[in-house]
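> Structure in structure tokens, see below.
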Amino acid sequence: MSIKKVWNFILQKKELTDYVIFKMLDMLIAFYLNWIIVRKLSEYDYGVYSIVLTVLGLLTTFGFAWTSSSLLYFGVEEKVKYGTLTRTFWARNIILGVTYFFVSVLFLIFHKRLDIYISKPLSIYLFIWMSIKILTDYLIGYFLAVEKRKISVSISISTKILAVILITLKAVSLKMVLVYCILSELISLIWIFKVDKYDFGKFVFDKKIFKTVLSFGLWQIFGFSGIYLINFGDNIVIKHFLSLEDVGIYNIAYKLYAGVAGFCYLLSSYFAPKVTKAISLRDGKSLKSIFYRDRIYIFLLLLIPHILVIFFSKNIVILFFGDSYINAAYPLQILAINSLLKYYTVFNILIYNCFKKYSTMQSFNILQAVLNIVFDILFIPYLGIAGAAFGTLTSFVVSTGIETIYGNLYLKNFIKSCSKTNI
């Protein structure tokens with residue numbers, strides 16, 4: 001594959017290139033925000049902050065995130081058929097209202113125990129942060145669904161900027177860090193005026209779409225449980241076997257990894273509307289272009305930055321976080337391999353969700369989560385925090401390898417059927 005072909009691919013994908021640039025800016029701001037928080041807090045307080053984020057991930061996962069992708073997949077399909085997102089929008093609203101109430105009741109019952117687990121009385125900050133993130137999540141999902149990707153990323157960027165400014169300029173405690181993060185989420189309110197009211201309209205209840213969104217969401221709960229354990233399970237096991245300081249050190253490596261690897265999801269969000277439309281129109285040619293050309297080019301383009309991270313991990317950790325976090329370098333090298341593989345396998349999300357095979361997709365997520373915890377328990381007592389990184393990589397290779405083989409066979413058969421239909 002020649003460099004000229006790769007360069008031509010970049011030029012042809014200007015819209016994707018612009019989206020990537022915006023996401024890179026978002027990623028850099030997120031990196032700086034985490035860096036300045038590390039600098040402002042002690043190792044112990046940063047360990048507590050890492051546990052706070054772990055619990056926040058749990059609350060957002062079961063509070064609302066499990067239905068967030070419904071607009072991106074079913075909303076796009078509805079807009080192709082009816083010209084609006086109304087039915088999917090109201091279906092999600094009903095489900096969201098019920099689950100938010102349920103999570104709120106659980107919070108009232110267990111908030112004191114939550115404070116004990118966190119080690120500080122911070123549970124009320126968590127609940128407020130989660131509640132405000134609902135609006136941010138809704139707006140980001142909506143603008144992705146209507147293919148206004150720059151606005152979607154701009155929302156994410158704007159919610160970090162205020163926190164960056166306040167935490168950079170002021171001496172802060174752990175509580176004030178949380179307060180500034182909460183205030184920054186409110187910035188998302190300014191983007192409401194960009195919403196096209198016609199996309200939502202008056203209340204419409206479509207029983208079929210409601211059942212579809214609910215089914216999708218319930219499977220997302222199982223899958224998101226797996227993703228939560230994958231993202232935060234390492235911290236839980238490290239806290240059990242090691243110390244809060246070790247949680248903080250590992251979280252440095254994981255944050256760097258997540259910043260790079262999490263970037264891959266912009267590919268699934270970018271291509272999701274295109275794949276959904278191609279499937280609805282049985283456009284096999286477009287599917288071939290996305291999965292057999294674009295996927296390969298993007299993977300090859302990202303080889304170089306990942307290799308650089310692997311070779312210069314120690315320099316990266318020392319430069320940004322200091323010698324006290326040097327033990328984060330080795331886990332970072334291991335996780336960088338995981339990150340590179342994710343840029344190829346992230347296209348699996350499009351195959352399973354767009355073909356409404358989300359139950360299979362979430363089953364693989366659960367498998368990966370279970371394997372991740374098992375490998376963590378086996379590796380961490382002997383390898384320390386590096387064991388958590390090995391657990392993450394090993395579980396990913398096993399579960400995602402099977403997922404990729406099965407998904408590609410299904411896609412190949414569908415493309416073949418499109419060719420026969422178009423003859």
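For the structure tokens, the naming scheme is as follows: chains receive sequential letters (A, B, ...) according to their order of presentation, residues are indexed from 1 within each chain, and ligands are indexed from 1 in presentation order.
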Report as a list in words all protein, DNA and RNA residues lying within 12 Å of Lys120 (chain A), evaluated on only C-alpha atoms, omitting residues in the same chain fewer than 2 positions from it.
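Within the cut-off, the hits are Tyr44, Asp45, Gly47, Val48, Tyr49, Ile51, Val52, His111, Lys112, Arg113, Leu114, Asp115, Ile116, Tyr117, Ile118, Leu122, Ser123, Ile124, Tyr125, Leu126, Leu174 and Lys175 of chain A.
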> Just the residues within 7 Å of region 213-215 of chain A, please, counting only C-alpha atoms, with nothing from its chain fewer than 3 positions along; format it as a PyMOL selection string.
chain A and resi 70+91-92+209-210+218-219
> For the residues selected in the previous step, produce a file with all heavy atoms as a PDB file, in the first residue's frame.

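Saved the output as again-v8.pdb:
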```pdb
ATOM      1  N   SER A  70     -28.984   5.282  21.355  1.00  0.00           N
ATOM      2  CA  SER A  70     -30.218   5.002  20.615  1.00  0.00           C
ATOM      3  C   SER A  70     -30.482   6.037  19.518  1.00  0.00           C
ATOM      4  O   SER A  70     -30.944   5.698  18.421  1.00  0.00           O
ATOM      5  CB  SER A  70     -31.417   4.936  21.571  1.00  0.00           C
ATOM      6  OG  SER A  70     -31.530   6.125  22.325  1.00  0.00           O
ATOM      7  N   ALA A  91     -39.133   7.902  23.149  1.00  0.00           N
ATOM      8  CA  ALA A  91     -38.942   6.559  23.708  1.00  0.00           C
ATOM      9  C   ALA A  91     -37.808   6.580  24.722  1.00  0.00           C
ATOM     10  O   ALA A  91     -37.910   6.028  25.829  1.00  0.00           O
ATOM     11  CB  ALA A  91     -38.653   5.560  22.592  1.00  0.00           C
ATOM     12  N   ARG A  92     -36.723   7.246  24.348  1.00  0.00           N
ATOM     13  CA  ARG A  92     -35.589   7.318  25.268  1.00  0.00           C
ATOM     14  C   ARG A  92     -35.931   8.150  26.503  1.00  0.00           C
ATOM     15  O   ARG A  92     -35.517   7.833  27.618  1.00  0.00           O
ATOM     16  CB  ARG A  92     -34.368   7.917  24.571  1.00  0.00           C
ATOM     17  CG  ARG A  92     -33.118   7.709  25.432  1.00  0.00           C
ATOM     18  CD  ARG A  92     -31.966   8.630  25.149  1.00  0.00           C
ATOM     19  NE  ARG A  92     -30.956   8.454  26.182  1.00  0.00           N
ATOM     20  CZ  ARG A  92     -29.972   9.284  26.411  1.00  0.00           C
ATOM     21  NH1 ARG A  92     -29.838  10.371  25.672  1.00  0.00           N
ATOM     22  NH2 ARG A  92     -29.102   9.061  27.374  1.00  0.00           N
ATOM     23  N   ILE A 209     -40.956   1.252  18.133  1.00  0.00           N
ATOM     24  CA  ILE A 209     -39.664   1.905  18.362  1.00  0.00           C
ATOM     25  C   ILE A 209     -39.317   1.879  19.847  1.00  0.00           C
ATOM     26  O   ILE A 209     -38.147   1.684  20.226  1.00  0.00           O
ATOM     27  CB  ILE A 209     -39.688   3.347  17.824  1.00  0.00           C
ATOM     28  CG1 ILE A 209     -39.700   3.325  16.290  1.00  0.00           C
ATOM     29  CG2 ILE A 209     -38.490   4.145  18.331  1.00  0.00           C
ATOM     30  CD1 ILE A 209     -39.722   4.681  15.644  1.00  0.00           C
ATOM     31  N   PHE A 210     -40.328   2.057  20.692  1.00  0.00           N
ATOM     32  CA  PHE A 210     -40.086   2.004  22.147  1.00  0.00           C
ATOM     33  C   PHE A 210     -39.507   0.644  22.547  1.00  0.00           C
ATOM     34  O   PHE A 210     -38.530   0.566  23.296  1.00  0.00           O
ATOM     35  CB  PHE A 210     -41.373   2.262  22.915  1.00  0.00           C
ATOM     36  CG  PHE A 210     -41.218   2.172  24.405  1.00  0.00           C
ATOM     37  CD1 PHE A 210     -40.711   3.237  25.128  1.00  0.00           C
ATOM     38  CD2 PHE A 210     -41.563   1.005  25.089  1.00  0.00           C
ATOM     39  CE1 PHE A 210     -40.547   3.150  26.507  1.00  0.00           C
ATOM     40  CE2 PHE A 210     -41.397   0.913  26.460  1.00  0.00           C
ATOM     41  CZ  PHE A 210     -40.898   1.985  27.169  1.00  0.00           C
ATOM     42  N   LEU A 218     -31.439  -2.354  27.228  1.00  0.00           N
ATOM     43  CA  LEU A 218     -31.231  -3.413  28.217  1.00  0.00           C
ATOM     44  C   LEU A 218     -29.970  -4.211  27.913  1.00  0.00           C
ATOM     45  O   LEU A 218     -29.217  -4.582  28.822  1.00  0.00           O
ATOM     46  CB  LEU A 218     -32.457  -4.338  28.263  1.00  0.00           C
ATOM     47  CG  LEU A 218     -33.729  -3.723  28.863  1.00  0.00           C
ATOM     48  CD1 LEU A 218     -34.898  -4.678  28.713  1.00  0.00           C
ATOM     49  CD2 LEU A 218     -33.519  -3.358  30.332  1.00  0.00           C
ATOM     50  N   TRP A 219     -29.749  -4.459  26.634  1.00  0.00           N
ATOM     51  CA  TRP A 219     -28.504  -5.139  26.275  1.00  0.00           C
ATOM     52  C   TRP A 219     -27.307  -4.231  26.497  1.00  0.00           C
ATOM     53  O   TRP A 219     -26.222  -4.686  26.851  1.00  0.00           O
ATOM     54  CB  TRP A 219     -28.562  -5.626  24.818  1.00  0.00           C
ATOM     55  CG  TRP A 219     -29.232  -6.950  24.704  1.00  0.00           C
ATOM     56  CD1 TRP A 219     -30.494  -7.224  24.246  1.00  0.00           C
ATOM     57  CD2 TRP A 219     -28.675  -8.208  25.096  1.00  0.00           C
ATOM     58  NE1 TRP A 219     -30.753  -8.563  24.330  1.00  0.00           N
ATOM     59  CE2 TRP A 219     -29.654  -9.194  24.845  1.00  0.00           C
ATOM     60  CE3 TRP A 219     -27.447  -8.613  25.632  1.00  0.00           C
ATOM     61  CZ2 TRP A 219     -29.451 -10.544  25.116  1.00  0.00           C
ATOM     62  CZ3 TRP A 219     -27.235  -9.947  25.901  1.00  0.00           C
ATOM     63  CH2 TRP A 219     -28.223 -10.906  25.645  1.00  0.00           C
TER      64      TRP A 219
END
```
> Taking the backbone alone, and naming residues the way the document does, which bits of region 160-349 of chain A are alpha helix (DSSP H) by DSSP, as an MDAnalysis selection string?
chainID A and resid 160:169 174:185 207:241 244:261 265:280 284:289 295:301 303:311 313:321 329:345 347:349
> How close does each residue of region 166-201 of chain A get to region 26-40 of chain A, giving the shortest atom pair and distance in Å to one decimal for every residue with an atom at most 12 Å away, counting only C-alpha atoms, sorted by chain and residue number, as a tab-separated table?

```
residue	atom	partner	partner_atom	distance
A:Leu166	CA	A:Leu33	CA	10.3
A:Ile167	CA	A:Ile36	CA	7.3
A:Thr168	CA	A:Ile36	CA	6.6
A:Leu169	CA	A:Ile36	CA	10.2
A:Lys170	CA	A:Lys40	CA	9.4
A:Ala171	CA	A:Lys40	CA	7.3
A:Val172	CA	A:Lys40	CA	6.8
A:Ser173	CA	A:Lys40	CA	7.9
A:Leu174	CA	A:Lys40	CA	8.9
A:Lys175	CA	A:Ile37	CA	11.8
A:Met176	CA	A:Ile37	CA	10.8
A:Val177	CA	A:Ile37	CA	7.6
A:Leu178	CA	A:Ile37	CA	10.4
A:Tyr180	CA	A:Leu33	CA	11.2
A:Cys181	CA	A:Leu33	CA	9.9
A:Ser184	CA	A:Leu33	CA	11.8
```
> Output all heavy atoms for every residue in the selection just made, as a compact mmCIF listing (two decimals), in the first residue's frame.

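Just written: part35.txt:
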```
# COMPACT_ATOMS: atom_id res chain seq x y z
N LEU A 166 -10.20 27.36 35.84
CA LEU A 166 -10.32 27.52 37.28
C LEU A 166 -9.26 26.73 38.04
O LEU A 166 -8.64 27.25 38.97
CB LEU A 166 -11.72 27.09 37.73
CG LEU A 166 -12.87 27.98 37.25
CD1 LEU A 166 -14.21 27.35 37.60
CD2 LEU A 166 -12.77 29.36 37.88
N ILE A 167 -9.05 25.48 37.64
CA ILE A 167 -8.09 24.63 38.35
C ILE A 167 -6.66 25.11 38.11
O ILE A 167 -5.80 25.02 38.98
CB ILE A 167 -8.26 23.16 37.95
CG1 ILE A 167 -9.64 22.66 38.41
CG2 ILE A 167 -7.17 22.28 38.56
CD1 ILE A 167 -10.00 21.28 37.89
N THR A 168 -6.39 25.65 36.91
CA THR A 168 -5.04 26.15 36.60
C THR A 168 -4.71 27.40 37.40
O THR A 168 -3.60 27.56 37.92
CB THR A 168 -4.92 26.47 35.10
OG1 THR A 168 -5.16 25.28 34.34
CG2 THR A 168 -3.53 26.99 34.76
N LEU A 169 -5.68 28.30 37.55
CA LEU A 169 -5.41 29.61 38.14
C LEU A 169 -5.49 29.61 39.66
O LEU A 169 -4.95 30.52 40.31
CB LEU A 169 -6.38 30.65 37.58
CG LEU A 169 -6.27 30.94 36.08
CD1 LEU A 169 -7.30 31.97 35.66
CD2 LEU A 169 -4.86 31.41 35.72
N LYS A 170 -6.16 28.63 40.26
CA LYS A 170 -6.39 28.67 41.69
C LYS A 170 -5.74 27.48 42.41
O LYS A 170 -5.60 26.41 41.83
CB LYS A 170 -7.90 28.66 41.98
CG LYS A 170 -8.63 29.91 41.47
CD LYS A 170 -10.11 29.82 41.78
CE LYS A 170 -10.85 31.08 41.31
NZ LYS A 170 -10.48 32.28 42.08
N ALA A 171 -5.40 27.70 43.68
CA ALA A 171 -4.99 26.59 44.54
C ALA A 171 -6.26 25.85 44.93
O ALA A 171 -7.22 26.47 45.41
CB ALA A 171 -4.26 27.12 45.77
N VAL A 172 -6.28 24.56 44.71
CA VAL A 172 -7.55 23.84 44.88
C VAL A 172 -7.39 22.64 45.81
O VAL A 172 -6.31 22.05 45.92
CB VAL A 172 -8.10 23.35 43.53
CG1 VAL A 172 -8.48 24.51 42.65
CG2 VAL A 172 -7.11 22.44 42.83
N SER A 173 -8.50 22.32 46.46
CA SER A 173 -8.60 21.07 47.22
C SER A 173 -9.33 20.06 46.34
O SER A 173 -9.82 20.39 45.25
CB SER A 173 -9.40 21.31 48.50
OG SER A 173 -10.74 21.71 48.17
N LEU A 174 -9.43 18.83 46.81
CA LEU A 174 -10.15 17.79 46.06
C LEU A 174 -11.61 18.18 45.86
O LEU A 174 -12.16 18.01 44.77
CB LEU A 174 -10.04 16.45 46.80
CG LEU A 174 -10.78 15.27 46.17
CD1 LEU A 174 -10.34 15.02 44.74
CD2 LEU A 174 -10.56 14.01 47.02
N LYS A 175 -12.23 18.74 46.89
CA LYS A 175 -13.64 19.15 46.78
C LYS A 175 -13.81 20.24 45.72
O LYS A 175 -14.77 20.21 44.94
CB LYS A 175 -14.16 19.65 48.13
CG LYS A 175 -14.47 18.53 49.12
CD LYS A 175 -15.13 19.09 50.37
CE LYS A 175 -15.47 17.96 51.35
NZ LYS A 175 -16.12 18.46 52.58
N MET A 176 -12.88 21.20 45.69
CA MET A 176 -13.01 22.28 44.72
C MET A 176 -12.79 21.77 43.30
O MET A 176 -13.39 22.28 42.35
CB MET A 176 -12.03 23.39 45.04
CG MET A 176 -12.39 24.19 46.29
SD MET A 176 -14.11 24.76 46.31
CE MET A 176 -14.17 25.80 44.85
N VAL A 177 -11.93 20.77 43.12
CA VAL A 177 -11.77 20.16 41.80
C VAL A 177 -13.11 19.62 41.32
O VAL A 177 -13.51 19.83 40.16
CB VAL A 177 -10.72 19.02 41.84
CG1 VAL A 177 -10.78 18.19 40.57
CG2 VAL A 177 -9.32 19.60 42.01
N LEU A 178 -13.83 18.94 42.21
CA LEU A 178 -15.14 18.39 41.83
C LEU A 178 -16.15 19.50 41.54
O LEU A 178 -16.93 19.40 40.60
CB LEU A 178 -15.66 17.48 42.95
CG LEU A 178 -14.81 16.24 43.26
CD1 LEU A 178 -15.46 15.42 44.37
CD2 LEU A 178 -14.62 15.38 42.02
N TYR A 180 -15.51 22.52 40.38
CA TYR A 180 -15.17 23.11 39.09
C TYR A 180 -15.57 22.20 37.92
O TYR A 180 -16.02 22.67 36.87
CB TYR A 180 -13.67 23.42 39.02
CG TYR A 180 -13.22 24.49 39.99
CD1 TYR A 180 -11.92 24.51 40.49
CD2 TYR A 180 -14.10 25.50 40.42
CE1 TYR A 180 -11.50 25.50 41.37
CE2 TYR A 180 -13.69 26.47 41.31
CZ TYR A 180 -12.40 26.48 41.78
OH TYR A 180 -11.99 27.45 42.66
N CYS A 181 -15.41 20.90 38.11
CA CYS A 181 -15.83 19.96 37.06
C CYS A 181 -17.35 20.00 36.86
O CYS A 181 -17.84 19.92 35.74
CB CYS A 181 -15.38 18.54 37.42
SG CYS A 181 -13.60 18.27 37.28
N SER A 184 -18.32 23.20 35.04
CA SER A 184 -17.95 23.15 33.62
C SER A 184 -18.99 22.40 32.80
O SER A 184 -19.19 22.70 31.62
CB SER A 184 -16.57 22.50 33.45
OG SER A 184 -16.61 21.12 33.76
```
> Which residue out of A:Leu71, A:Leu350, A:Val146, A:Thr136 has the minimum interatomic distance to Ile190 (chain A) when only C-alpha atoms are used?
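Closest residue, counting only C-alpha atoms: A:Thr136.
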> Within 12 Å of region 390-398 of chain A, counting only C-alpha atoms, which residues show up once you throw out same-chain ones fewer than 3 positions away? Write them as a PyMOL selection string, please.
chain A and resi 226-227+229-235+237-238+254+257+330-342+345-346+364-387+401-405
> Just the residues within 10 Å of Leu144 (chain A), please, counting only C-alpha atoms, with nothing from its chain fewer than 4 positions along; format it as a compact mmCIF listing (two decimals) with N, CA and C atoms, in the first residue's frame.

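Listed below is the output, part.txt:
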```txt
# COMPACT_ATOMS: atom_id res chain seq x y z
N SER A 69 -26.84 5.75 22.98
CA SER A 69 -26.56 5.47 21.57
C SER A 69 -27.82 5.28 20.72
N LEU A 71 -30.17 7.31 19.79
CA LEU A 71 -30.35 8.34 18.76
C LEU A 71 -29.41 8.12 17.59
N LEU A 72 -28.20 7.68 17.90
CA LEU A 72 -27.18 7.52 16.87
C LEU A 72 -27.52 6.42 15.88
N VAL A 76 -31.21 7.79 13.57
CA VAL A 76 -30.81 7.98 12.17
C VAL A 76 -31.72 7.18 11.25
N LEU A 139 -27.01 16.14 24.29
CA LEU A 139 -26.67 17.05 23.20
C LEU A 139 -25.58 16.47 22.29
N ILE A 140 -24.56 15.85 22.89
CA ILE A 140 -23.50 15.24 22.10
C ILE A 140 -24.07 14.15 21.19
N LYS A 148 -23.82 16.59 12.69
CA LYS A 148 -23.18 17.87 12.97
C LYS A 148 -22.05 17.60 13.97
N ARG A 149 -21.02 16.95 13.47
CA ARG A 149 -19.99 16.39 14.34
C ARG A 149 -19.13 17.46 15.01
N LYS A 150 -18.87 18.55 14.30
CA LYS A 150 -18.04 19.61 14.89
C LYS A 150 -18.73 20.21 16.11
N ILE A 151 -20.03 20.39 16.02
CA ILE A 151 -20.77 20.93 17.16
C ILE A 151 -20.72 19.94 18.32
N SER A 152 -20.89 18.65 18.00
CA SER A 152 -20.85 17.62 19.03
C SER A 152 -19.53 17.65 19.79
N VAL A 153 -18.43 17.73 19.07
CA VAL A 153 -17.12 17.77 19.73
C VAL A 153 -16.93 19.09 20.47
N LEU A 266 -14.47 7.95 18.07
CA LEU A 266 -14.93 8.95 17.12
C LEU A 266 -15.14 8.31 15.76
N SER A 269 -18.60 6.70 15.86
CA SER A 269 -19.64 7.73 15.84
C SER A 269 -19.68 8.45 14.49
N TYR A 270 -18.51 8.59 13.86
CA TYR A 270 -18.46 9.25 12.54
C TYR A 270 -19.12 8.37 11.47
N ALA A 272 -21.15 5.68 11.91
CA ALA A 272 -22.43 5.05 12.26
C ALA A 272 -23.59 5.50 11.37
N PRO A 273 -23.81 6.82 11.19
CA PRO A 273 -24.92 7.23 10.30
C PRO A 273 -24.72 6.74 8.87
```
